[in-house]
Amino acid sequence: MAATGAAATDLEVVRGKRAALFFAAVAIVLGLPLWWKTTETYRAPLPYSQISGLNALQLRLMVPVTVVFTRDSVPLDDQGKLPFTVVHEREIPLKYKMKIKCRFQKTYRRALDHEEEALLLGSVQEAETVLAQPQEQAAGSLTVYVISEHSSLLPQDMMSYIGPERTAVVRGIMHREAFNIIGRRIIQVAQAMSLTEDVLAAALADHLPEDKWSSDKRRPLKSSLGYEITFSLLNPDPKSHDVHWDIEGAVQRYVQPFLNALRAAGNFSVDSQILYYAMLGVNPRFDPASSSYYLAMHSLPHVINPVESRLGSSAASLYPVLNFLLYVPELAHSPLYIQDRDGAPVATNAFHSPRWGGIMVYNVDLKAYNVSERPVRVEVDMVRVMEVFLAQLRLLFGIAHPQVPPKCLLSGPKSEGLMTWELDRLLWARSVENLATATTTLTSLAQLLGKISNIVIKDDVATEVYRAVAAVQKAAEELASGHLSSAFAASQEAVTSSERAFFDPSLLHLLYFPDDQKFAIYIPLFLPMAVPILLSLVKIFLETRKSWKKPEKTD
């Protein structure tokens, strides 16, 4: 009986050891991998190497320039060398990590018969009309016509002419270095019509150090897919002024053609409103010499904030909002004028704030107050008002007056208020700005995801990142090829995809779930199960080790 009991006890011990080993194997082989897989943070792979390579990206902005020579523009020996191509490249000196080079590819050729006939007309405007008929030029390209040195197409004191389209006229010269001399003139004209250091510096204002460019350079609006424009009439004294303005007709006649010309740069929506009892946040000062009131230049920044709280247009907007305010001063502060830095009245009686909008003060004619009836009916001269607002709108988009070379005649703007090459110059600047913004966003996202390991990276976020990187590379290639329209479209896609990935809400799901909270959750779950298994394994190990020891011999 004793032998049977001992055998049963040994059998139970063996079964206990096997059960402990089985539970341990299940926990290690199945439990731990399953727990690890189900609790790991999913992170889709990202092109980190390609994103880091974007910081060393070199932009080459190629401007195709077709140079057309008439018969008597250069010596006969030089005409025999046509056609050929000359490339002029220079680096834009900006303190920015992305190196930017401007490349003018000049293709020299002889004038065709219809071009020769057009350039023999009486005025350069007539010649432009005829030359623009055969075909449309590609965005970003220029055509420069070189005419005879003694041609009457231009005034005798003018050496070049810049038209409203993508064309220019330059005088030729009968000299053995004609191509070199004319080439320098062409580069000056082409730079004025396309890319200058100031244009690119304004586009990269948010990415350049403060000491490089002053705040005056920070005028242009940031690139966006759309813009909202709001015209507001402020009537602080409706008891004295019954103001009427034909804003709908003015927008259709003056603003809408300008926006239609700008449609390649974004979508626009326009609305208007009238605000009563809307006061300025600054009390005007009285000038006894002129019996008028004035706003000093240092007080103008304090005017915007109190008025902006009444506008209410930017609260629910997805796009940048441009505010244009027409302020009719109250009777107690009429007339009201805006002074410049020197204390002289501003000719337009208006001012603008970068990336916000503009304000114009519209004074009522003093003769209107001779009428005893109140309120006085005021008919706003919308032509004068829209001239100011359109000028401010150009400045807000960075469409400033070009710096033309000496002895260069600049054509007046088209009826839309925008020259074609001005739009091209804006698209150049917007493309560079978009690439800089997308590169910065992608780099910041890659650094953030590299530092914080518990951020979830979903497949759709990774897809947007890959799409943004590919769009940046495509835009750079298109800029280097001189394809401005496709380059701008690719740069917009790069910004949109990079910001969509950066601001994806899924990136914040596990951001505030630190490791100490994980231990607080998992230790109460695993500790009661792990202790018996570990103790059993230790006991089995000790008994096995003891059984391996040989018994000592005794005499």
# chains A, B, ... in the order shown; residues from 1 in each chain; ligands from 1
call {"tool": "select_by_dssp", "arguments": {"residues": "stretch 241-394 of chain A", "states": "alpha helix (DSSP H)", "output": "count of residues only"}}
result
34
call {"tool": "residues_around", "arguments": {"residues": "A:Leu262", "least_positions_apart": "4", "cutoff": "8 Å", "atoms": "only C-alpha atoms", "output": "number ranges by chain"}}
result
A: 258, 266, 423
call {"tool": "write_last_selection", "arguments": {"atoms": "C-alpha atoms", "output": "short mmCIF file (atom, residue, chain, number, x, y, z; two decimals), in the first residue's frame"}}
result
data_model
loop_
_atom_site.label_atom_id
_atom_site.label_comp_id
_atom_site.auth_asym_id
_atom_site.auth_seq_id
_atom_site.Cartn_x
_atom_site.Cartn_y
_atom_site.Cartn_z
CA PHE A 258 -10.00 91.71 -61.61
CA GLY A 266 -7.58 80.77 -56.18
CA LEU A 423 -0.38 87.06 -62.93
#
call {"tool": "closest_residue", "arguments": {"among": "A:Val130, A:Val456, A:Leu54, A:Leu32", "to": "A:Ala438", "atoms": "only C-alpha atoms"}}
result
A:Leu54
call {"tool": "closest_atom_pairs", "arguments": {"of": "stretch 405-512 of chain A", "to": "stretch 159-163 of chain A", "cutoff": "9 Å", "atoms": "only C-alpha atoms", "output": "tab-separated table"}}
result
residue	atom	partner	partner_atom	distance
A:Pro405	CA	A:Ser160	CA	8.6
A:Pro406	CA	A:Met159	CA	8.2
A:Lys407	CA	A:Met159	CA	5.6
A:Cys408	CA	A:Ser160	CA	4.7
A:Leu409	CA	A:Tyr161	CA	4.6
A:Leu410	CA	A:Ile162	CA	5.1
A:Ser411	CA	A:Gly163	CA	5.1
A:Gly412	CA	A:Gly163	CA	7.9
A:Pro413	CA	A:Gly163	CA	8.6
A:Met419	CA	A:Gly163	CA	8.2
A:Trp421	CA	A:Gly163	CA	8.9
call {"tool": "write_last_selection", "arguments": {"atoms": "all heavy atoms", "output": "mmCIF file, in the first residue's frame"}}
result
data_model
loop_
_atom_site.group_PDB
_atom_site.id
_atom_site.type_symbol
_atom_site.label_atom_id
_atom_site.label_comp_id
_atom_site.auth_asym_id
_atom_site.auth_seq_id
_atom_site.Cartn_x
_atom_site.Cartn_y
_atom_site.Cartn_z
ATOM 1 N N PRO A 405 13.612 98.668 -65.938
ATOM 2 C CA PRO A 405 14.961 99.187 -66.200
ATOM 3 C C PRO A 405 14.907 100.622 -66.729
ATOM 4 O O PRO A 405 13.845 101.113 -67.134
ATOM 5 C CB PRO A 405 15.513 98.206 -67.246
ATOM 6 C CG PRO A 405 14.323 97.581 -67.871
ATOM 7 C CD PRO A 405 13.274 97.533 -66.811
ATOM 8 N N PRO A 406 16.040 101.307 -66.738
ATOM 9 C CA PRO A 406 16.053 102.696 -67.251
ATOM 10 C C PRO A 406 15.618 102.748 -68.717
ATOM 11 O O PRO A 406 15.863 101.824 -69.497
ATOM 12 C CB PRO A 406 17.517 103.114 -67.080
ATOM 13 C CG PRO A 406 18.075 102.200 -66.031
ATOM 14 C CD PRO A 406 17.349 100.903 -66.204
ATOM 15 N N LYS A 407 14.981 103.856 -69.064
ATOM 16 C CA LYS A 407 14.512 104.111 -70.426
ATOM 17 C C LYS A 407 13.602 102.996 -70.933
ATOM 18 O O LYS A 407 13.676 102.574 -72.086
ATOM 19 C CB LYS A 407 15.689 104.298 -71.390
ATOM 20 C CG LYS A 407 16.554 105.507 -71.076
ATOM 21 C CD LYS A 407 17.647 105.687 -72.115
ATOM 22 C CE LYS A 407 18.497 106.912 -71.822
ATOM 23 N NZ LYS A 407 19.554 107.103 -72.832
ATOM 24 N N CYS A 408 12.752 102.520 -70.045
ATOM 25 C CA CYS A 408 11.789 101.465 -70.398
ATOM 26 C C CYS A 408 10.386 102.029 -70.267
ATOM 27 O O CYS A 408 10.030 102.601 -69.227
ATOM 28 C CB CYS A 408 11.973 100.250 -69.502
ATOM 29 S SG CYS A 408 10.811 98.906 -69.852
ATOM 30 N N LEU A 409 9.603 101.881 -71.297
ATOM 31 C CA LEU A 409 8.223 102.352 -71.308
ATOM 32 C C LEU A 409 7.310 101.228 -70.840
ATOM 33 O O LEU A 409 7.322 100.135 -71.402
ATOM 34 C CB LEU A 409 7.838 102.801 -72.722
ATOM 35 C CG LEU A 409 6.404 103.300 -72.914
ATOM 36 C CD1 LEU A 409 6.159 104.547 -72.076
ATOM 37 C CD2 LEU A 409 6.134 103.587 -74.390
ATOM 38 N N LEU A 410 6.544 101.491 -69.784
ATOM 39 C CA LEU A 410 5.643 100.490 -69.213
ATOM 40 C C LEU A 410 4.222 100.773 -69.660
ATOM 41 O O LEU A 410 3.716 101.889 -69.493
ATOM 42 C CB LEU A 410 5.731 100.499 -67.692
ATOM 43 C CG LEU A 410 4.845 99.487 -66.954
ATOM 44 C CD1 LEU A 410 5.242 98.063 -67.307
ATOM 45 C CD2 LEU A 410 4.914 99.703 -65.456
ATOM 46 N N SER A 411 3.588 99.769 -70.225
ATOM 47 C CA SER A 411 2.210 99.918 -70.670
ATOM 48 C C SER A 411 1.277 100.016 -69.474
ATOM 49 O O SER A 411 1.550 99.493 -68.390
ATOM 50 C CB SER A 411 1.810 98.732 -71.547
ATOM 51 O OG SER A 411 0.435 98.746 -71.829
ATOM 52 N N GLY A 412 0.161 100.670 -69.679
ATOM 53 C CA GLY A 412 -0.857 100.718 -68.653
ATOM 54 C C GLY A 412 -1.545 99.376 -68.515
ATOM 55 O O GLY A 412 -1.515 98.535 -69.429
ATOM 56 N N PRO A 413 -2.186 99.112 -67.371
ATOM 57 C CA PRO A 413 -2.843 97.810 -67.170
ATOM 58 C C PRO A 413 -4.037 97.637 -68.095
ATOM 59 O O PRO A 413 -4.585 98.590 -68.636
ATOM 60 C CB PRO A 413 -3.265 97.869 -65.702
ATOM 61 C CG PRO A 413 -3.394 99.326 -65.395
ATOM 62 C CD PRO A 413 -2.345 100.010 -66.226
ATOM 63 N N MET A 419 -2.080 92.928 -65.489
ATOM 64 C CA MET A 419 -1.372 92.477 -66.674
ATOM 65 C C MET A 419 -1.156 90.971 -66.624
ATOM 66 O O MET A 419 -1.049 90.392 -65.541
ATOM 67 C CB MET A 419 -0.018 93.203 -66.782
ATOM 68 C CG MET A 419 -0.135 94.711 -66.876
ATOM 69 S SD MET A 419 1.444 95.483 -67.233
ATOM 70 C CE MET A 419 1.048 97.213 -67.036
ATOM 71 N N TRP A 421 1.465 89.162 -67.431
ATOM 72 C CA TRP A 421 2.736 88.754 -66.829
ATOM 73 C C TRP A 421 2.763 89.020 -65.331
ATOM 74 O O TRP A 421 3.549 88.401 -64.603
ATOM 75 C CB TRP A 421 3.911 89.436 -67.535
ATOM 76 C CG TRP A 421 3.846 90.932 -67.601
ATOM 77 C CD1 TRP A 421 3.353 91.681 -68.619
ATOM 78 C CD2 TRP A 421 4.310 91.859 -66.609
ATOM 79 N NE1 TRP A 421 3.466 93.026 -68.335
ATOM 80 C CE2 TRP A 421 4.067 93.162 -67.101
ATOM 81 C CE3 TRP A 421 4.910 91.719 -65.369
ATOM 82 C CZ2 TRP A 421 4.384 94.313 -66.393
ATOM 83 C CZ3 TRP A 421 5.241 92.867 -64.650
ATOM 84 C CH2 TRP A 421 4.983 94.137 -65.165
#
call {"tool": "closest_residue", "arguments": {"among": "A:Arg176, A:Arg185, A:Arg545, A:Lys101", "to": "A:Leu200", "atoms": "only C-alpha atoms"}}
result
A:Lys101
call {"tool": "select_by_dssp", "arguments": {"residues": "stretch 131-333 of chain A", "states": "strand (DSSP E)", "output": "PyMOL selection string"}}
result
chain A and resi 142-147+160-162+167-171+226-235+241-244+267-276+285-287+292-295+321-327
call {"tool": "residues_around", "arguments": {"residues": "A:Met279", "least_positions_apart": "6", "cutoff": "12 Å", "atoms": "only C-alpha atoms", "output": "list in words"}}
result
Leu233, Leu234, Asn235, Pro236, Asp237, Pro238, Val303, Ile304, Asn305, Pro306, Val307, Glu308, Ser309, Arg310, Tyr327, Val328, Pro329, Glu330 and His333 of chain A
call {"tool": "write_last_selection", "arguments": {"atoms": "all heavy atoms", "output": "short mmCIF file (atom, residue, chain, number, x, y, z; two decimals), in the first residue's frame"}}
result
data_model
loop_
_atom_site.label_atom_id
_atom_site.label_comp_id
_atom_site.auth_asym_id
_atom_site.auth_seq_id
_atom_site.Cartn_x
_atom_site.Cartn_y
_atom_site.Cartn_z
N LEU A 233 -19.74 98.94 -45.23
CA LEU A 233 -20.00 100.38 -45.10
C LEU A 233 -20.29 100.68 -43.64
O LEU A 233 -21.24 100.13 -43.06
CB LEU A 233 -21.19 100.78 -45.97
CG LEU A 233 -21.69 102.22 -45.82
CD1 LEU A 233 -20.60 103.22 -46.22
CD2 LEU A 233 -22.95 102.46 -46.65
N LEU A 234 -19.47 101.53 -43.04
CA LEU A 234 -19.62 101.88 -41.64
C LEU A 234 -20.25 103.26 -41.53
O LEU A 234 -19.65 104.26 -41.97
CB LEU A 234 -18.26 101.86 -40.93
CG LEU A 234 -17.76 100.52 -40.39
CD1 LEU A 234 -17.62 99.49 -41.50
CD2 LEU A 234 -16.43 100.69 -39.67
N ASN A 235 -21.43 103.30 -40.96
CA ASN A 235 -22.15 104.55 -40.77
C ASN A 235 -22.36 104.77 -39.27
O ASN A 235 -23.34 104.30 -38.70
CB ASN A 235 -23.48 104.52 -41.51
CG ASN A 235 -24.21 105.85 -41.46
OD1 ASN A 235 -23.71 106.83 -40.91
ND2 ASN A 235 -25.39 105.91 -42.06
N PRO A 236 -21.44 105.47 -38.60
CA PRO A 236 -21.56 105.63 -37.14
C PRO A 236 -22.64 106.64 -36.73
O PRO A 236 -23.00 106.70 -35.56
CB PRO A 236 -20.16 106.11 -36.74
CG PRO A 236 -19.65 106.83 -37.93
CD PRO A 236 -20.22 106.11 -39.12
N ASP A 237 -23.11 107.43 -37.68
CA ASP A 237 -24.08 108.48 -37.33
C ASP A 237 -25.26 108.44 -38.31
O ASP A 237 -25.42 109.32 -39.16
CB ASP A 237 -23.37 109.85 -37.39
CG ASP A 237 -24.23 110.97 -36.82
OD1 ASP A 237 -25.31 110.67 -36.27
OD2 ASP A 237 -23.82 112.14 -36.94
N PRO A 238 -26.10 107.42 -38.22
CA PRO A 238 -27.22 107.32 -39.18
C PRO A 238 -28.27 108.42 -39.00
O PRO A 238 -29.06 108.65 -39.91
CB PRO A 238 -27.80 105.94 -38.89
CG PRO A 238 -27.39 105.63 -37.49
CD PRO A 238 -26.07 106.29 -37.29
N VAL A 303 -7.10 101.29 -34.81
CA VAL A 303 -8.42 101.47 -35.40
C VAL A 303 -9.05 100.12 -35.74
O VAL A 303 -10.27 99.94 -35.66
CB VAL A 303 -8.32 102.36 -36.66
CG1 VAL A 303 -9.65 102.41 -37.40
CG2 VAL A 303 -7.87 103.76 -36.27
N ILE A 304 -8.22 99.13 -36.09
CA ILE A 304 -8.73 97.89 -36.68
C ILE A 304 -9.43 97.01 -35.65
O ILE A 304 -10.53 96.51 -35.89
CB ILE A 304 -7.58 97.14 -37.36
CG1 ILE A 304 -7.05 97.95 -38.55
CG2 ILE A 304 -8.04 95.77 -37.83
CD1 ILE A 304 -5.88 97.33 -39.25
N ASN A 305 -8.80 96.79 -34.50
CA ASN A 305 -9.35 95.81 -33.53
C ASN A 305 -10.77 96.11 -33.08
O ASN A 305 -11.62 95.21 -33.09
CB ASN A 305 -8.42 95.71 -32.32
CG ASN A 305 -7.11 95.02 -32.66
OD1 ASN A 305 -7.02 94.30 -33.66
ND2 ASN A 305 -6.10 95.25 -31.85
N PRO A 306 -11.12 97.34 -32.67
CA PRO A 306 -12.52 97.58 -32.28
C PRO A 306 -13.51 97.38 -33.41
O PRO A 306 -14.62 96.89 -33.21
CB PRO A 306 -12.50 99.04 -31.80
CG PRO A 306 -11.07 99.31 -31.46
CD PRO A 306 -10.27 98.52 -32.42
N VAL A 307 -13.09 97.74 -34.64
CA VAL A 307 -14.00 97.59 -35.78
C VAL A 307 -14.13 96.12 -36.18
O VAL A 307 -15.22 95.66 -36.56
CB VAL A 307 -13.48 98.42 -36.96
CG1 VAL A 307 -14.33 98.19 -38.20
CG2 VAL A 307 -13.46 99.89 -36.60
N GLU A 308 -13.04 95.35 -36.05
CA GLU A 308 -13.06 93.95 -36.47
C GLU A 308 -14.05 93.14 -35.67
O GLU A 308 -14.64 92.17 -36.18
CB GLU A 308 -11.66 93.37 -36.34
CG GLU A 308 -11.51 92.00 -36.97
CD GLU A 308 -10.07 91.52 -36.93
OE1 GLU A 308 -9.30 92.03 -36.11
OE2 GLU A 308 -9.73 90.62 -37.73
N SER A 309 -14.27 93.50 -34.40
CA SER A 309 -15.23 92.75 -33.58
C SER A 309 -16.65 92.89 -34.10
O SER A 309 -17.50 92.04 -33.82
CB SER A 309 -15.16 93.24 -32.13
OG SER A 309 -15.50 94.62 -32.05
N ARG A 310 -16.92 93.95 -34.87
CA ARG A 310 -18.26 94.13 -35.43
C ARG A 310 -18.43 93.45 -36.78
O ARG A 310 -19.57 93.26 -37.24
CB ARG A 310 -18.55 95.63 -35.60
CG ARG A 310 -18.66 96.42 -34.33
CD ARG A 310 -19.98 96.13 -33.62
NE ARG A 310 -21.12 96.33 -34.49
CZ ARG A 310 -21.73 97.50 -34.68
NH1 ARG A 310 -21.28 98.58 -34.06
NH2 ARG A 310 -22.80 97.59 -35.47
N TYR A 327 -15.61 104.11 -44.38
CA TYR A 327 -16.05 104.74 -43.14
C TYR A 327 -16.50 106.16 -43.43
O TYR A 327 -15.73 106.98 -43.94
CB TYR A 327 -14.90 104.75 -42.13
CG TYR A 327 -15.25 105.38 -40.80
CD1 TYR A 327 -16.02 104.67 -39.87
CD2 TYR A 327 -14.82 106.66 -40.47
CE1 TYR A 327 -16.34 105.24 -38.65
CE2 TYR A 327 -15.14 107.23 -39.25
CZ TYR A 327 -15.90 106.53 -38.35
OH TYR A 327 -16.22 107.08 -37.14
N VAL A 328 -17.75 106.45 -43.11
CA VAL A 328 -18.31 107.79 -43.24
C VAL A 328 -18.32 108.40 -41.84
O VAL A 328 -19.09 107.97 -40.98
CB VAL A 328 -19.73 107.76 -43.83
CG1 VAL A 328 -20.27 109.17 -43.97
CG2 VAL A 328 -19.73 107.06 -45.18
N PRO A 329 -17.42 109.35 -41.56
CA PRO A 329 -17.31 109.87 -40.18
C PRO A 329 -18.58 110.57 -39.73
O PRO A 329 -19.34 111.12 -40.55
CB PRO A 329 -16.12 110.83 -40.26
CG PRO A 329 -16.02 111.20 -41.70
CD PRO A 329 -16.50 110.01 -42.48
N GLU A 330 -18.78 110.53 -38.43
CA GLU A 330 -19.96 111.19 -37.87
C GLU A 330 -19.84 112.70 -38.03
O GLU A 330 -18.76 113.25 -38.26
CB GLU A 330 -20.14 110.82 -36.40
CG GLU A 330 -18.99 111.23 -35.50
CD GLU A 330 -17.91 110.17 -35.41
OE1 GLU A 330 -17.80 109.37 -36.36
OE2 GLU A 330 -17.19 110.16 -34.40
N HIS A 333 -17.21 114.76 -36.11
CA HIS A 333 -15.80 114.59 -36.47
C HIS A 333 -15.58 114.73 -37.96
O HIS A 333 -14.73 114.07 -38.55
CB HIS A 333 -15.28 113.23 -35.99
CG HIS A 333 -15.18 113.10 -34.52
ND1 HIS A 333 -15.26 111.89 -33.86
CD2 HIS A 333 -15.01 114.05 -33.55
CE1 HIS A 333 -15.14 112.09 -32.55
NE2 HIS A 333 -14.99 113.39 -32.34
#
call {"tool": "atom_distance", "arguments": {"atom1": "atom CA of A:Glu477", "atom2": "atom CA of A:Ala201"}}
result
21.4 Å
call {"tool": "closest_residue", "arguments": {"among": "A:Glu433, A:Tyr276, A:Thr230, A:His352", "to": "A:Gly312", "atoms": "only C-alpha atoms"}}
result
A:Thr230
call {"tool": "closest_residue", "arguments": {"among": "A:Ser194, A:Leu221, A:His401, A:Leu295", "to": "A:Pro345", "atoms": "only C-alpha atoms"}}
result
A:Leu295
call {"tool": "atom_distance", "arguments": {"atom1": "atom CA of A:Arg109", "atom2": "atom CA of A:Gly482"}}
result
19.1 Å
call {"tool": "residues_around", "arguments": {"residues": "A:Lys97", "least_positions_apart": "5", "cutoff": "12 Å", "atoms": "only C-alpha atoms", "output": "list of chain:residue names"}}
result
A:Gly53, A:Leu54, A:Asn55, A:Ala56, A:Leu57, A:Gln58, A:Leu59, A:Leu204, A:His207, A:Leu208, A:Pro209, A:Ala436, A:Thr439, A:Thr440
call {"tool": "write_last_selection", "arguments": {"atoms": "N, CA and C atoms", "output": "compact mmCIF listing (two decimals), in the first residue's frame"}}
result
# COMPACT_ATOMS: atom_id res chain seq x y z
N GLY A 53 15.48 64.72 -47.52
CA GLY A 53 16.11 65.23 -48.73
C GLY A 53 15.48 66.49 -49.26
N LEU A 54 14.22 66.79 -48.85
CA LEU A 54 13.57 68.01 -49.31
C LEU A 54 14.25 69.27 -48.77
N ASN A 55 14.92 69.14 -47.60
CA ASN A 55 15.61 70.32 -47.05
C ASN A 55 16.76 70.77 -47.93
N ALA A 56 17.34 69.84 -48.67
CA ALA A 56 18.44 70.18 -49.57
C ALA A 56 17.96 70.38 -51.01
N LEU A 57 16.66 70.58 -51.17
CA LEU A 57 16.10 70.73 -52.51
C LEU A 57 16.58 72.05 -53.15
N GLN A 58 16.98 71.99 -54.36
CA GLN A 58 17.40 73.16 -55.12
C GLN A 58 16.36 73.45 -56.20
N LEU A 59 15.77 74.62 -56.11
CA LEU A 59 14.76 75.03 -57.08
C LEU A 59 15.42 75.78 -58.23
N LEU A 204 8.52 84.40 -49.52
CA LEU A 204 9.12 83.59 -48.45
C LEU A 204 9.27 84.38 -47.16
N HIS A 207 9.43 82.55 -43.91
CA HIS A 207 10.52 81.59 -43.77
C HIS A 207 11.89 82.24 -43.69
N LEU A 208 11.95 83.56 -43.82
CA LEU A 208 13.22 84.26 -43.80
C LEU A 208 13.42 84.93 -42.45
N PRO A 209 14.66 85.15 -42.03
CA PRO A 209 14.92 85.82 -40.75
C PRO A 209 14.47 87.27 -40.78
N ALA A 436 7.87 75.84 -50.18
CA ALA A 436 8.51 76.10 -48.89
C ALA A 436 7.60 75.69 -47.73
N THR A 439 7.33 71.78 -47.62
CA THR A 439 8.57 71.20 -47.12
C THR A 439 8.69 71.38 -45.61
N THR A 440 8.38 72.57 -45.12
CA THR A 440 8.44 72.81 -43.67
C THR A 440 7.43 71.94 -42.93
call {"tool": "atom_distance", "arguments": {"atom1": "atom CA of A:Ser334", "atom2": "atom CA of A:Gly358"}}
result
20.2 Å
call {"tool": "residues_around", "arguments": {"residues": "A:Val63", "least_positions_apart": "4", "cutoff": "8 Å", "atoms": "only C-alpha atoms", "output": "mmCIF file with N, CA and C atoms, in the first residue's frame"}}
result
data_model
loop_
_atom_site.group_PDB
_atom_site.id
_atom_site.type_symbol
_atom_site.label_atom_id
_atom_site.label_comp_id
_atom_site.auth_asym_id
_atom_site.auth_seq_id
_atom_site.Cartn_x
_atom_site.Cartn_y
_atom_site.Cartn_z
ATOM 1 N N CYS A 102 17.423 81.215 -60.686
ATOM 2 C CA CYS A 102 16.564 81.690 -61.760
ATOM 3 C C CYS A 102 17.283 81.467 -63.087
ATOM 4 N N ARG A 103 16.617 80.795 -64.006
ATOM 5 C CA ARG A 103 17.233 80.411 -65.271
ATOM 6 C C ARG A 103 16.403 80.979 -66.420
ATOM 7 N N PHE A 104 17.015 81.866 -67.187
ATOM 8 C CA PHE A 104 16.367 82.443 -68.364
ATOM 9 C C PHE A 104 16.922 81.742 -69.605
ATOM 10 N N GLN A 105 16.068 80.998 -70.268
ATOM 11 C CA GLN A 105 16.461 80.280 -71.478
ATOM 12 C C GLN A 105 15.990 81.076 -72.688
ATOM 13 N N GLY A 140 4.001 81.839 -67.981
ATOM 14 C CA GLY A 140 5.386 81.897 -67.541
ATOM 15 C C GLY A 140 6.384 82.161 -68.643
ATOM 16 N N SER A 141 5.969 82.111 -69.888
ATOM 17 C CA SER A 141 6.887 82.353 -71.007
ATOM 18 C C SER A 141 6.799 83.807 -71.446
ATOM 19 N N LEU A 142 7.843 84.283 -72.087
ATOM 20 C CA LEU A 142 7.912 85.660 -72.563
ATOM 21 C C LEU A 142 8.374 85.675 -74.015
ATOM 22 N N SER A 194 9.126 88.916 -64.644
ATOM 23 C CA SER A 194 8.963 87.569 -64.091
ATOM 24 C C SER A 194 9.429 87.502 -62.645
ATOM 25 N N GLY A 482 10.015 74.953 -66.861
ATOM 26 C CA GLY A 482 9.330 76.149 -67.335
ATOM 27 C C GLY A 482 7.846 75.994 -67.521
#
call {"tool": "closest_residue", "arguments": {"among": "A:Gln473, A:Thr129, A:Ser453, A:Ser240", "to": "A:Leu435", "atoms": "only C-alpha atoms"}}
result
A:Gln473
call {"tool": "residues_around", "arguments": {"residues": "stretch 21-28 of chain A", "least_positions_apart": "5", "cutoff": "8 Å", "atoms": "only C-alpha atoms", "output": "number ranges by chain"}}
result
A: 33, 533, 537
call {"tool": "decode", "arguments": {"residues": "stretch 106-117 of chain A", "atoms": "N, CA, C and O atoms", "output": "PDB file, in the first residue's frame"}}
result
ATOM      1  N   LYS A 106      16.931  81.761 -73.305  1.00  0.00           N
ATOM      2  CA  LYS A 106      16.626  82.645 -74.432  1.00  0.00           C
ATOM      3  C   LYS A 106      16.816  81.902 -75.754  1.00  0.00           C
ATOM      4  O   LYS A 106      17.918  81.440 -76.059  1.00  0.00           O
ATOM      5  N   THR A 107      15.741  81.810 -76.499  1.00  0.00           N
ATOM      6  CA  THR A 107      15.770  81.178 -77.823  1.00  0.00           C
ATOM      7  C   THR A 107      15.719  82.264 -78.883  1.00  0.00           C
ATOM      8  O   THR A 107      14.704  82.947 -79.045  1.00  0.00           O
ATOM      9  N   TYR A 108      16.823  82.456 -79.594  1.00  0.00           N
ATOM     10  CA  TYR A 108      16.922  83.494 -80.608  1.00  0.00           C
ATOM     11  C   TYR A 108      16.458  82.943 -81.963  1.00  0.00           C
ATOM     12  O   TYR A 108      16.830  81.844 -82.357  1.00  0.00           O
ATOM     13  N   ARG A 109      15.662  83.725 -82.654  1.00  0.00           N
ATOM     14  CA  ARG A 109      15.215  83.345 -83.999  1.00  0.00           C
ATOM     15  C   ARG A 109      14.874  84.599 -84.789  1.00  0.00           C
ATOM     16  O   ARG A 109      14.757  85.696 -84.230  1.00  0.00           O
ATOM     17  N   ARG A 110      14.675  84.401 -86.102  1.00  0.00           N
ATOM     18  CA  ARG A 110      14.291  85.502 -86.969  1.00  0.00           C
ATOM     19  C   ARG A 110      12.778  85.708 -86.925  1.00  0.00           C
ATOM     20  O   ARG A 110      12.014  84.787 -86.658  1.00  0.00           O
ATOM     21  N   ALA A 111      12.373  86.913 -87.247  1.00  0.00           N
ATOM     22  CA  ALA A 111      10.948  87.229 -87.268  1.00  0.00           C
ATOM     23  C   ALA A 111      10.289  86.628 -88.500  1.00  0.00           C
ATOM     24  O   ALA A 111      10.884  86.595 -89.597  1.00  0.00           O
ATOM     25  N   LEU A 112       9.064  86.149 -88.307  1.00  0.00           N
ATOM     26  CA  LEU A 112       8.282  85.652 -89.431  1.00  0.00           C
ATOM     27  C   LEU A 112       7.690  86.828 -90.221  1.00  0.00           C
ATOM     28  O   LEU A 112       7.751  87.984 -89.786  1.00  0.00           O
ATOM     29  N   ASP A 113       7.106  86.518 -91.354  1.00  0.00           N
ATOM     30  CA  ASP A 113       6.598  87.587 -92.222  1.00  0.00           C
ATOM     31  C   ASP A 113       5.511  88.411 -91.537  1.00  0.00           C
ATOM     32  O   ASP A 113       5.527  89.653 -91.606  1.00  0.00           O
ATOM     33  N   HIS A 114       4.551  87.733 -90.878  1.00  0.00           N
ATOM     34  CA  HIS A 114       3.479  88.499 -90.237  1.00  0.00           C
ATOM     35  C   HIS A 114       4.007  89.294 -89.038  1.00  0.00           C
ATOM     36  O   HIS A 114       3.463  90.358 -88.694  1.00  0.00           O
ATOM     37  N   GLU A 115       5.083  88.814 -88.407  1.00  0.00           N
ATOM     38  CA  GLU A 115       5.680  89.570 -87.311  1.00  0.00           C
ATOM     39  C   GLU A 115       6.402  90.810 -87.835  1.00  0.00           C
ATOM     40  O   GLU A 115       6.347  91.888 -87.221  1.00  0.00           O
ATOM     41  N   GLU A 116       7.077  90.679 -88.963  1.00  0.00           N
ATOM     42  CA  GLU A 116       7.724  91.833 -89.573  1.00  0.00           C
ATOM     43  C   GLU A 116       6.694  92.903 -89.942  1.00  0.00           C
ATOM     44  O   GLU A 116       6.903  94.099 -89.697  1.00  0.00           O
ATOM     45  N   GLU A 117       5.570  92.460 -90.497  1.00  0.00           N
ATOM     46  CA  GLU A 117       4.533  93.416 -90.886  1.00  0.00           C
ATOM     47  C   GLU A 117       3.927  94.102 -89.664  1.00  0.00           C
ATOM     48  O   GLU A 117       3.648  95.309 -89.686  1.00  0.00           O
TER      49      GLU A 117
END
